[in-house]
$ cat structure.cif   # mmCIF, C-alpha atoms and all ligand atoms
data_query
loop_
_atom_site.label_atom_id
_atom_site.label_comp_id
_atom_site.auth_asym_id
_atom_site.auth_seq_id
_atom_site.Cartn_x
_atom_site.Cartn_y
_atom_site.Cartn_z
CA MET I 290 71.86 90.90 46.32
CA ALA I 291 71.46 91.48 50.08
CA SER I 292 68.06 92.94 50.94
CA GLN I 293 67.99 96.49 52.26
CA PHE I 294 67.62 96.78 56.05
CA LEU I 295 64.39 98.40 57.20
CA PRO I 296 64.35 99.64 60.80
CA ARG I 297 61.22 99.34 62.92
CA THR I 298 59.16 102.51 62.73
CA THR I 299 57.28 101.89 65.98
CA PHE I 300 58.14 100.29 69.30
CA PRO I 301 55.59 97.98 70.95
CA THR I 302 53.43 99.55 73.66
CA LEU I 303 54.56 97.94 76.90
CA ASP I 304 51.60 98.34 79.22
CA SER I 305 53.19 96.32 82.03
CA LEU I 306 56.19 98.65 82.35
CA PRO I 307 56.36 100.60 85.66
CA ARG I 308 55.28 104.21 85.21
CA SER I 309 56.52 105.66 88.45
CA TYR I 310 59.80 105.99 90.31
CA PHE I 311 58.81 108.67 92.81
CA LEU I 312 60.66 107.56 95.93
CA GLY I 313 60.56 108.63 99.56
CA HIS I 314 63.71 110.73 99.33
CA HIS I 315 62.34 112.46 96.20
CA ARG I 316 59.25 113.59 98.12
CA ALA I 317 61.29 114.60 101.18
CA GLY I 318 63.84 116.43 99.02
CA LEU I 319 61.13 118.37 97.23
CA SER I 320 59.46 119.55 100.43
CA LYS I 321 62.84 120.63 101.88
CA MET I 322 63.57 122.54 98.67
CA LYS I 323 60.26 124.38 99.07
CA ALA I 324 61.07 125.21 102.68
CA LEU I 325 64.50 126.55 101.67
CA LEU I 326 63.28 128.65 98.79
CA GLY I 327 63.04 131.86 100.83
CA GLN I 328 66.84 131.82 101.31
CA ILE I 329 67.61 131.12 97.65
CA ASP I 330 68.43 133.80 95.07
CA LEU I 331 68.49 131.66 91.94
CA VAL I 332 67.44 128.15 90.98
CA ILE I 333 69.58 126.25 88.48
CA GLU I 334 67.29 123.69 86.91
CA CYS I 335 69.25 120.88 85.22
CA ARG I 336 67.77 118.90 82.37
CA ASP I 337 69.31 116.13 80.34
CA TYR I 338 70.26 117.37 76.86
CA ARG I 339 69.13 114.09 75.28
CA VAL I 340 65.57 114.44 76.62
CA PRO I 341 64.77 118.16 76.85
CA LEU I 342 61.04 117.48 77.04
CA THR I 343 60.98 114.20 78.88
CA SER I 344 63.33 115.42 81.63
CA ARG I 345 61.01 118.32 82.45
CA ASN I 346 59.51 117.79 85.88
CA PRO I 347 56.19 119.58 86.41
CA MET I 348 56.74 119.21 90.18
CA PHE I 349 59.50 121.80 89.92
CA GLU I 350 57.23 124.16 88.01
CA ALA I 351 54.72 124.00 90.84
CA SER I 352 57.19 124.00 93.74
CA LEU I 353 59.72 126.55 92.53
CA ALA I 354 57.32 128.95 90.83
CA GLY I 355 58.14 132.61 91.29
CA LYS I 356 61.90 132.07 91.62
CA ASN I 357 64.39 133.30 89.07
CA ARG I 358 65.76 130.36 87.18
CA LEU I 359 68.66 129.41 84.95
CA ILE I 360 68.03 126.32 82.85
CA VAL I 361 71.14 124.20 82.31
CA TYR I 362 71.03 121.40 79.77
CA THR I 363 73.62 118.89 80.97
CA LYS I 364 75.46 116.14 79.06
CA ARG I 365 75.48 118.02 75.78
CA ASP I 366 78.46 115.91 74.72
CA LEU I 367 76.14 112.87 74.68
CA GLY I 368 73.44 114.37 72.46
CA SER I 369 75.10 116.78 70.10
CA MET I 370 77.63 116.41 67.33
CA GLY I 371 77.94 120.20 67.15
CA LYS I 372 76.38 120.19 63.68
CA LYS I 373 74.14 122.86 62.17
CA GLY I 374 70.99 120.83 62.97
CA ASP I 375 72.05 120.51 66.63
CA LEU I 376 72.62 124.25 66.92
CA GLN I 377 69.23 124.98 65.32
CA ARG I 378 67.56 122.69 67.86
CA GLU I 379 69.35 124.53 70.66
CA GLU I 380 67.95 127.83 69.40
CA ILE I 381 64.41 126.39 69.55
CA ILE I 382 65.04 125.12 73.09
CA LYS I 383 66.23 128.58 74.15
CA GLN I 384 63.02 130.09 72.78
CA TRP I 385 60.91 127.60 74.76
CA HIS I 386 62.30 128.87 78.04
CA ALA I 387 62.32 132.62 77.40
CA PRO I 388 62.61 134.80 79.49
CA PHE I 389 64.69 132.31 81.50
CA PRO I 390 68.24 132.00 80.20
CA VAL I 391 69.50 128.63 78.94
CA ILE I 392 73.06 127.24 78.93
CA PHE I 393 74.13 123.92 77.41
CA THR I 394 76.95 122.20 79.30
CA SER I 395 79.19 119.15 79.43
CA ILE I 396 81.47 118.58 82.37
CA THR I 397 84.32 118.03 79.94
CA SER I 398 83.81 121.41 78.24
CA ARG I 399 85.44 124.16 80.26
CA PRO I 400 83.89 126.97 78.15
CA SER I 401 80.40 125.65 78.94
CA ILE I 402 81.13 125.52 82.69
CA ARG I 403 82.71 128.98 82.47
CA ALA I 404 79.48 130.26 80.88
CA VAL I 405 77.51 129.15 83.97
CA LEU I 406 80.08 130.80 86.25
CA GLN I 407 79.95 134.02 84.23
CA PHE I 408 76.18 134.06 84.45
CA ALA I 409 76.29 133.49 88.24
CA ARG I 410 78.96 136.17 88.67
CA SER I 411 77.07 138.85 86.79
CA TYR I 412 73.80 137.83 88.48
CA SER I 413 75.46 138.28 91.88
CA LEU I 414 77.05 141.62 90.94
CA ASP I 415 73.66 142.92 89.75
CA ARG I 416 72.14 142.05 93.13
CA PHE I 417 74.83 143.40 95.40
CA SER I 418 74.44 141.59 98.71
CA VAL I 419 77.06 141.50 101.47
CA THR I 420 75.89 138.04 102.46
CA GLY I 421 76.56 136.69 98.97
CA LEU I 422 74.36 134.72 96.59
CA ARG I 423 72.80 131.31 97.23
CA MET I 424 71.80 129.11 94.33
CA LEU I 425 69.94 125.80 94.42
CA VAL I 426 70.63 123.16 91.78
CA VAL I 427 67.61 120.93 91.05
CA GLY I 428 66.69 118.31 88.46
CA MET I 429 65.70 114.74 87.73
CA PRO I 430 67.83 111.92 89.21
CA ASN I 431 71.23 111.36 87.56
CA VAL I 432 70.94 114.41 85.33
CA GLY I 433 74.40 115.54 86.44
CA LYS I 434 73.71 118.06 89.24
CA SER I 435 76.55 116.98 91.53
CA SER I 436 78.97 116.74 88.59
CA LEU I 437 78.03 120.29 87.59
CA LEU I 438 78.59 121.51 91.15
CA ASN I 439 82.03 119.87 91.25
CA ALA I 440 82.95 121.31 87.84
CA LEU I 441 81.81 124.82 88.85
CA ARG I 442 83.79 124.62 92.10
CA SER I 443 86.88 123.31 90.36
CA LEU I 444 86.87 126.06 87.75
CA GLY I 445 85.49 128.79 90.02
CA VAL I 446 87.62 128.43 93.17
CA SER I 447 90.14 125.73 92.13
CA LYS I 448 88.95 123.31 94.80
CA GLY I 449 88.50 119.55 94.51
CA LYS I 450 85.38 117.41 94.27
CA VAL I 451 82.93 117.80 97.19
CA ALA I 452 79.77 116.09 95.95
CA SER I 453 79.61 112.34 95.28
CA THR I 454 78.58 111.39 91.77
CA GLY I 455 77.65 108.03 90.24
CA ALA I 456 76.40 106.20 87.19
CA GLN I 457 73.17 105.17 88.98
CA PRO I 458 70.51 107.63 90.22
CA GLY I 459 70.04 108.51 93.88
CA VAL I 460 73.64 109.17 94.92
CA THR I 461 72.61 112.51 96.46
CA ARG I 462 69.97 111.85 99.14
CA LYS I 463 69.92 115.10 101.11
CA ILE I 464 70.23 118.81 100.51
CA ALA I 465 73.82 119.64 101.34
CA THR I 466 75.17 122.87 102.81
CA GLY I 467 76.22 125.54 100.34
CA VAL I 468 79.48 125.08 98.46
CA LYS I 469 81.41 128.16 97.36
CA ILE I 470 81.83 128.33 93.59
CA ILE I 471 82.85 131.99 93.21
CA GLU I 472 84.99 134.01 95.60
CA GLY I 473 83.52 137.19 97.02
CA GLN I 474 84.54 140.55 95.63
CA GLU I 475 83.84 144.24 96.16
CA GLY I 476 82.92 143.74 99.82
CA MET I 477 80.53 140.87 99.10
CA GLU I 478 80.53 137.24 100.16
CA GLY I 479 80.92 134.76 97.32
CA VAL I 480 78.42 132.67 95.39
CA TYR I 481 77.28 129.40 97.02
CA LEU I 482 75.57 126.44 95.39
CA LEU I 483 73.39 123.90 97.21
CA ASP I 484 73.10 120.41 95.76
CA THR I 485 69.76 118.59 96.06
CA PRO I 486 68.56 115.01 95.52
CA GLY I 487 67.18 114.28 92.06
CA VAL I 488 63.37 114.23 91.96
CA PHE I 489 61.53 111.98 89.53
CA VAL I 490 58.11 112.87 88.07
CA PRO I 491 55.30 111.28 90.12
CA HIS I 492 53.87 109.42 87.19
CA VAL I 493 54.94 109.26 83.54
CA PRO I 494 52.29 109.43 80.81
CA ASP I 495 53.40 106.42 78.79
CA ALA I 496 55.85 103.52 78.62
CA GLU I 497 58.08 105.21 76.05
CA THR I 498 58.70 108.15 78.40
CA MET I 499 59.76 105.68 81.08
CA LEU I 500 62.09 103.93 78.62
CA LYS I 501 63.72 107.22 77.63
CA LEU I 502 64.28 108.23 81.26
CA ALA I 503 65.63 104.80 82.12
CA LEU I 504 67.97 104.88 79.14
CA CYS I 505 69.34 108.24 80.28
CA GLY I 506 69.92 106.80 83.77
CA SER I 507 67.17 108.55 85.76
CA VAL I 508 65.73 105.21 86.86
CA LYS I 509 67.75 102.46 88.58
CA ASP I 510 68.77 99.65 86.23
CA THR I 511 66.88 97.15 88.38
CA ILE I 512 63.48 98.71 87.57
CA ILE I 513 63.25 97.87 83.85
CA ALA I 514 64.56 94.60 82.41
CA PRO I 515 67.91 95.38 80.70
CA VAL I 516 66.93 93.40 77.58
CA THR I 517 63.76 95.51 77.18
CA LEU I 518 65.80 98.68 77.57
CA ALA I 519 68.44 97.44 75.13
CA ASP I 520 65.66 96.62 72.65
CA TYR I 521 64.38 100.20 72.89
CA LEU I 522 67.94 101.47 72.42
CA LEU I 523 68.36 99.23 69.37
CA TYR I 524 65.11 100.60 67.93
CA ARG I 525 66.38 104.18 68.43
CA ILE I 526 69.88 103.45 67.07
CA ASN I 527 68.39 101.83 63.97
CA LEU I 528 66.38 104.98 63.28
CA VAL I 529 69.61 107.03 63.40
CA THR I 530 72.53 104.88 62.14
CA PRO I 531 72.25 101.07 62.18
CA GLY I 532 75.98 100.91 61.40
CA LEU I 533 76.78 102.06 64.95
CA TYR I 534 77.05 98.44 66.14
CA ALA I 535 78.66 97.10 62.95
CA GLU I 536 81.63 95.60 64.84
CA TYR I 537 79.22 93.19 66.57
CA HIS I 538 76.51 92.46 64.00
CA PRO I 539 75.06 93.75 60.72
CA PRO I 540 71.87 95.87 61.08
CA THR I 541 69.11 93.91 62.79
CA ASN I 542 65.79 94.50 64.54
CA GLU I 543 66.28 91.40 66.70
CA VAL I 544 67.70 92.44 70.03
CA ILE I 545 68.54 88.91 71.21
CA THR I 546 70.53 88.28 68.01
CA LEU I 547 72.55 91.44 68.61
CA LEU I 548 72.99 90.79 72.35
CA ASN I 549 74.22 87.26 71.68
CA ALA I 550 76.74 88.62 69.20
CA ILE I 551 77.88 91.24 71.75
CA ALA I 552 78.09 88.62 74.54
CA GLU I 553 80.18 86.40 72.30
CA LYS I 554 82.56 89.14 71.17
CA THR I 555 83.00 90.70 74.60
CA GLY I 556 83.17 87.37 76.47
CA ARG I 557 80.02 87.86 78.56
CA LEU I 558 79.24 84.29 79.53
CA GLN I 559 77.21 82.65 82.28
CA LYS I 560 78.34 79.64 84.30
CA GLY I 561 78.58 76.72 81.88
CA GLY I 562 79.59 79.02 79.03
CA THR I 563 76.13 80.12 77.80
CA LEU I 564 75.88 83.65 76.45
CA ASP I 565 74.85 86.22 79.07
CA THR I 566 72.33 88.37 77.18
CA GLU I 567 71.44 90.40 80.26
CA ALA I 568 75.06 91.36 80.91
CA ALA I 569 75.41 92.20 77.21
CA ALA I 570 72.27 94.38 77.43
CA LEU I 571 73.68 96.31 80.42
CA TRP I 572 76.97 96.73 78.60
CA MET I 573 75.21 98.03 75.47
CA ILE I 574 73.16 100.54 77.52
CA GLN I 575 76.28 101.71 79.34
CA ARG I 576 78.10 102.19 76.02
CA TRP I 577 75.32 104.50 74.85
CA ARG I 578 75.26 106.38 78.16
CA THR I 579 78.95 107.12 77.83
CA GLY I 580 78.70 108.24 74.20
CA HIS I 581 80.29 105.15 72.62
CA LEU I 582 77.21 103.98 70.74
CA GLY I 583 75.95 107.13 69.11
CA ARG I 584 75.29 110.62 70.44
CA PHE I 585 71.73 111.64 69.72
CA MET I 586 68.62 113.08 71.31
CA LEU I 587 65.64 110.91 72.18
CA ASP I 588 63.03 113.72 72.06
CA GLU I 589 61.67 115.38 68.93
CA ILE I 590 62.34 119.10 69.02
CA SER I 591 59.93 121.54 67.41
CA GLU I 592 58.79 125.07 68.22
CA ASP I 593 55.50 123.97 69.77
CA ALA I 594 56.76 120.74 71.39
CA LEU I 595 57.04 122.24 74.88
CA GLU I 596 53.54 123.74 74.74
CA ASN I 597 52.15 120.38 73.63
CA LYS I 598 53.96 118.68 76.49
CA LYS I 599 52.43 121.13 78.99
CA ILE I 600 48.95 120.39 77.63
CA GLU I 601 49.66 116.68 78.00
CA GLU I 602 50.80 117.23 81.61
CA GLY I 603 47.63 119.24 82.33
CA ALA I 604 45.55 116.25 81.28
CA MET I 605 47.62 114.08 83.62
CA VAL I 606 46.64 115.74 86.91
CA PRO I 607 44.45 112.84 88.12
CA SER I 608 47.38 110.49 87.45
CA MET I 609 49.54 112.49 89.86
CA HIS I 610 46.96 111.98 92.60
CA GLN I 611 46.99 108.29 91.75
CA ALA I 612 50.79 108.26 91.95
CA ARG I 613 50.75 109.84 95.41
CA LYS I 614 48.17 107.29 96.54
CA ALA I 615 50.27 104.46 95.09
CA ASP I 616 53.35 105.87 96.82
CA LYS I 617 51.54 105.95 100.19
CA GLU I 618 50.37 102.37 99.70
CA MET I 619 53.90 101.30 98.78
CA ARG I 620 55.31 102.91 101.97
CA ARG I 621 52.58 101.32 104.11
CA ALA I 622 53.32 97.89 102.62
CA ARG I 623 57.05 98.40 103.13
CA SER I 624 56.73 99.36 106.81
CA LYS I 625 54.30 96.46 107.38
CA SER I 626 56.77 93.96 105.95
CA ARG I 627 59.58 95.56 108.01
CA ARG I 628 57.46 95.18 111.16
CA GLN I 629 56.76 91.59 110.27
CA ALA I 630 60.46 90.96 109.71
CA VAL I 631 61.34 92.13 113.24
CA GLY I 632 58.31 90.31 114.68
CA VAL I 633 56.42 93.42 115.95
N1 LIG L 701 79.25 112.44 79.43
C1 LIG L 701 78.84 113.17 80.47
N2 LIG L 701 78.53 112.57 81.62
C2 LIG L 701 78.11 113.34 82.65
C3 LIG L 701 77.98 114.75 82.55
N3 LIG L 701 77.53 115.21 83.73
C4 LIG L 701 77.39 114.15 84.54
N4 LIG L 701 77.74 113.02 83.90
C5 LIG L 701 77.69 111.64 84.43
O1 LIG L 701 76.33 111.37 84.79
C6 LIG L 701 76.27 110.54 85.95
C7 LIG L 701 75.38 111.18 86.99
O2 LIG L 701 76.01 112.34 87.47
P1 LIG L 701 75.67 112.95 88.93
O3 LIG L 701 76.38 114.26 89.00
O4 LIG L 701 75.93 111.94 89.99
O5 LIG L 701 74.09 113.18 88.80
P2 LIG L 701 73.07 113.77 89.88
O6 LIG L 701 72.07 114.56 89.14
O7 LIG L 701 73.80 114.49 90.97
O8 LIG L 701 72.42 112.41 90.44
P3 LIG L 701 71.46 112.13 91.73
O9 LIG L 701 72.37 111.72 92.83
O10 LIG L 701 70.59 111.02 91.27
O11 LIG L 701 70.70 113.38 92.02
C8 LIG L 701 77.71 110.33 86.40
O12 LIG L 701 78.16 109.08 85.90
C9 LIG L 701 78.47 111.47 85.73
O13 LIG L 701 79.83 111.17 85.47
C10 LIG L 701 78.33 115.37 81.30
O14 LIG L 701 78.25 116.58 81.08
N5 LIG L 701 78.74 114.53 80.30
#

$ encode --input "structure.cif" --output "structure tokens" --more "lines below"
Ligand SMILES: Nc1nc2c(ncn2[C@@H]2O[C@H](COP(=O)(O)OP(=O)(O)OP(=O)(O)O)[C@@H](O)[C@H]2O)c(=O)[nH]1
Amino acid sequence: MASQFLPRTTFPTLDSLPRSYFLGHHRAGLSKMKALLGQIDLVIECRDYRVPLTSRNPMFEASLAGKNRLIVYTKRDLGSMGKKGDLQREEIIKQWHAPFPVIFTSITSRPSIRAVLQFARSYSLDRFSVTGLRMLVVGMPNVGKSSLLNALRSLGVSKGKVASTGAQPGVTRKIATGVKIIEGQEGMEGVYLLDTPGVFVPHVPDAETMLKLALCGSVKDTIIAPVTLADYLLYRINLVTPGLYAEYHPPTNEVITLLNAIAEKTGRLQKGGTLDTEAAALWMIQRWRTGHLGRFMLDEISEDALENKKIEEGAMVPSMHQARKADKEMRRARSKSRRQAVGV
């Protein structure tokens, strides 16, 4: 009789994994957002549905404090099966953010995009202003801000895509001018939305947080080795449904075994015909990111999870100073090597 498969219950602590991805355009974007805040009526903070806790950026809390906010959980289609348990989790998430309203969206779900438009419309009517309403969309890199803007514009004013989107983070580098998403009415200008560059947290508390953010696409795929990321994904899939990759291999905890099987079946070969495990790892990650290898959350949701996360962030303050210092050093080293390259 075949022995029963037992998934790993823990993932190794990877101390050597990078813990920061706070780039120059993140810092610049954040300070421009702060400078713009006086002209903004409402902030739409986007968070990835699959990581409601991990995609919280304390920098936004500090920088955008005092502004009215709508929290939009993007990519719901990648984390929810619409089952009772998913809906119960959504209720808990809504309670976390009270009194701020929360909307769960997917760009493919028109009702969810319409819900954001309806909120914006009634918000603007409540605050009658002849100059219209200006909203700023913020969030971690690759969370889906530009896609949301395009979807709102398409449904709101029937106009085509204006903001570039992409599978890798950092497509939006600058704060754009406002894009109309709702036509004006009753003597008022319309509602405008300003897209902003994604801003990463200055320093993440542990390697697993970094792995979750990388898996969701907030970190460029060159930062963490694809095989490591695929191994973390395998660990998470095995905890949910090991059968998800049945067409490539029976349940296994050995990532290389699975990647070799994937490389073989999908024809990912290096020169000379050897199996390309790295290409197979990237393929596997991409399959999950597009909802073809399971749709599940990576964070544990409970009533007090957000409060616990805030306490954890409070204890991290010295690390943020360290991250800023590390960032400065990185920039100094980069400009020195640039100077050396041009012989100055
Ligand atoms: N399945 C799914 N994919 C989405 C959704 N929203 C966005 N995406 C995808 O997520 C990726 C990132 O989307 P963007 O809109 O470029 O993200 P962004 O937050 O503007 O990214 P930055 O430029 O890093 O700030 C793209 O490949 C989108 O197609 C969604 O609701 N569902």

$ residues_around --input "structure.cif" --residues "Asp304 in chain I" --least-positions-apart "6" --cutoff "10 Å" --atoms "all atoms listed in the file" --output "PyMOL selection string"
chain I and resi 495-497

$ residues_near_ligand --input "structure.cif" --ligand "ligand LIG 701 (chain L)" --cutoff "9 Å" --atoms "all atoms listed in the file" --output "PyMOL selection string"
chain I and resi 335+337+362-367+394-398+427-439+452-462+484-488+505-508+578-580

$ closest_residue --input "structure.cif" --among "I:Val516, I:Gly532, I:Arg525, I:Phe389" --to "Ala569 in chain I" --atoms "all atoms listed in the file"
I:Val516

$ atom_distance --input "structure.cif" --atom1 "CA of Glu380 in chain I" --atom2 "CA of Leu406 in chain I"
21.0 Å

$ closest_residue --input "structure.cif" --among "I:Val446, I:Met370, I:Gly476, I:Arg576" --to "Phe417 in chain I" --atoms "only C-alpha atoms"
I:Gly476

$ residues_around --input "structure.cif" --residues "Val426 in chain I" --least-positions-apart "5" --cutoff "6 Å" --atoms "only C-alpha atoms" --output "MDAnalysis selection string"
chainID I and resid 332:334 484

$ atom_distance --input "structure.cif" --atom1 "CA of Gly445 in chain I" --atom2 "CA of Val480 in chain I"
9.7 Å

$ residues_around --input "structure.cif" --residues "Lys450 in chain I" --least-positions-apart "5" --cutoff "8 Å" --atoms "only C-alpha atoms" --output "PyMOL selection string"
chain I and resi 439-440+442-443

$ write_last_selection --input "structure.cif" --atoms "C-alpha atoms" --output "mmCIF file, in the coordinates of the input"
data_model
loop_
_atom_site.group_PDB
_atom_site.id
_atom_site.type_symbol
_atom_site.label_atom_id
_atom_site.label_comp_id
_atom_site.auth_asym_id
_atom_site.auth_seq_id
_atom_site.Cartn_x
_atom_site.Cartn_y
_atom_site.Cartn_z
ATOM 1 C CA ASN I 439 82.030 119.870 91.250
ATOM 2 C CA ALA I 440 82.950 121.310 87.840
ATOM 3 C CA ARG I 442 83.790 124.620 92.100
ATOM 4 C CA SER I 443 86.880 123.310 90.360
#

$ residues_near_point --input "structure.cif" --point "(64.7, 102.9, 71.6)" --cutoff "9 Å" --atoms "only C-alpha atoms" --output "list in words"
Phe300, Glu497, Leu500, Lys501, Leu504, Leu518, Ala519, Asp520, Tyr521, Leu522, Leu523, Tyr524, Arg525, Ile526, Asn527, Leu528 and Leu587 of chain I

$ write_last_selection --input "structure.cif" --atoms "C-alpha atoms" --output "PDB file, in the frame of the given file"
ATOM      1  CA  PHE I 300      58.140 100.290  69.300  1.00  0.00           C
ATOM      2  CA  GLU I 497      58.080 105.210  76.050  1.00  0.00           C
ATOM      3  CA  LEU I 500      62.090 103.930  78.620  1.00  0.00           C
ATOM      4  CA  LYS I 501      63.720 107.220  77.630  1.00  0.00           C
ATOM      5  CA  LEU I 504      67.970 104.880  79.140  1.00  0.00           C
ATOM      6  CA  LEU I 518      65.800  98.680  77.570  1.00  0.00           C
ATOM      7  CA  ALA I 519      68.440  97.440  75.130  1.00  0.00           C
ATOM      8  CA  ASP I 520      65.660  96.620  72.650  1.00  0.00           C
ATOM      9  CA  TYR I 521      64.380 100.200  72.890  1.00  0.00           C
ATOM     10  CA  LEU I 522      67.940 101.470  72.420  1.00  0.00           C
ATOM     11  CA  LEU I 523      68.360  99.230  69.370  1.00  0.00           C
ATOM     12  CA  TYR I 524      65.110 100.600  67.930  1.00  0.00           C
ATOM     13  CA  ARG I 525      66.380 104.180  68.430  1.00  0.00           C
ATOM     14  CA  ILE I 526      69.880 103.450  67.070  1.00  0.00           C
ATOM     15  CA  ASN I 527      68.390 101.830  63.970  1.00  0.00           C
ATOM     16  CA  LEU I 528      66.380 104.980  63.280  1.00  0.00           C
ATOM     17  CA  LEU I 587      65.640 110.910  72.180  1.00  0.00           C
TER      18      LEU I 587
END

$ atom_distance --input "structure.cif" --atom1 "CA of Gly479 in chain I" --atom2 "CA of Leu422 in chain I"
6.6 Å

$ closest_residue --input "structure.cif" --among "I:Leu376, I:Tyr534, I:His386, I:Val529" --to "His581 in chain I" --atoms "only C-alpha atoms"
I:Tyr534

$ closest_residue --input "structure.cif" --among "I:Leu441, I:Ile382, I:Met499, I:Met424" --to "Arg399 in chain I" --atoms "only C-alpha atoms"
I:Leu441

$ residues_around --input "structure.cif" --residues "Thr420 in chain I" --least-positions-apart "4" --cutoff "12 Å" --atoms "all atoms listed in the file" --output "list in words"
Gln328, Ile329, Asp330, Ser413, Arg416, Gly473, Gln474, Glu475, Gly476, Met477, Glu478, Gly479, Val480 and Tyr481 of chain I

$ residues_around --input "structure.cif" --residues "Ser369 in chain I" --least-positions-apart "3" --cutoff "10 Å" --atoms "only C-alpha atoms" --output "list in words"
Tyr338, Arg339, Lys364, Arg365, Asp366, Lys372, Gly374, Asp375, Leu376, Arg378, Glu379, Gly583, Arg584, Phe585 and Met586 of chain I

$ write_last_selection --input "structure.cif" --atoms "C-alpha atoms" --output "short mmCIF file (atom, residue, chain, number, x, y, z; two decimals), in the coordinates of the input"
data_model
loop_
_atom_site.label_atom_id
_atom_site.label_comp_id
_atom_site.auth_asym_id
_atom_site.auth_seq_id
_atom_site.Cartn_x
_atom_site.Cartn_y
_atom_site.Cartn_z
CA TYR I 338 70.26 117.37 76.86
CA ARG I 339 69.13 114.09 75.28
CA LYS I 364 75.46 116.14 79.06
CA ARG I 365 75.48 118.02 75.78
CA ASP I 366 78.46 115.91 74.72
CA LYS I 372 76.38 120.19 63.68
CA GLY I 374 70.99 120.83 62.97
CA ASP I 375 72.05 120.51 66.63
CA LEU I 376 72.62 124.25 66.92
CA ARG I 378 67.56 122.69 67.86
CA GLU I 379 69.35 124.53 70.66
CA GLY I 583 75.95 107.13 69.11
CA ARG I 584 75.29 110.62 70.44
CA PHE I 585 71.73 111.64 69.72
CA MET I 586 68.62 113.08 71.31
#

$ residues_near_point --input "structure.cif" --point "(57.0, 98.0, 82.8)" --cutoff "12 Å" --atoms "all atoms listed in the file" --output "compact mmCIF listing (two decimals) with C-alpha atoms, in the frame of the given file"
# COMPACT_ATOMS: atom_id res chain seq x y z
CA PRO I 301 55.59 97.98 70.95
CA THR I 302 53.43 99.55 73.66
CA LEU I 303 54.56 97.94 76.90
CA ASP I 304 51.60 98.34 79.22
CA SER I 305 53.19 96.32 82.03
CA LEU I 306 56.19 98.65 82.35
CA PRO I 307 56.36 100.60 85.66
CA ARG I 308 55.28 104.21 85.21
CA SER I 309 56.52 105.66 88.45
CA TYR I 310 59.80 105.99 90.31
CA VAL I 493 54.94 109.26 83.54
CA ASP I 495 53.40 106.42 78.79
CA ALA I 496 55.85 103.52 78.62
CA GLU I 497 58.08 105.21 76.05
CA THR I 498 58.70 108.15 78.40
CA MET I 499 59.76 105.68 81.08
CA LEU I 500 62.09 103.93 78.62
CA ALA I 503 65.63 104.80 82.12
CA THR I 511 66.88 97.15 88.38
CA ILE I 512 63.48 98.71 87.57
CA ILE I 513 63.25 97.87 83.85
CA ALA I 514 64.56 94.60 82.41
CA PRO I 515 67.91 95.38 80.70
CA THR I 517 63.76 95.51 77.18
CA LEU I 518 65.80 98.68 77.57
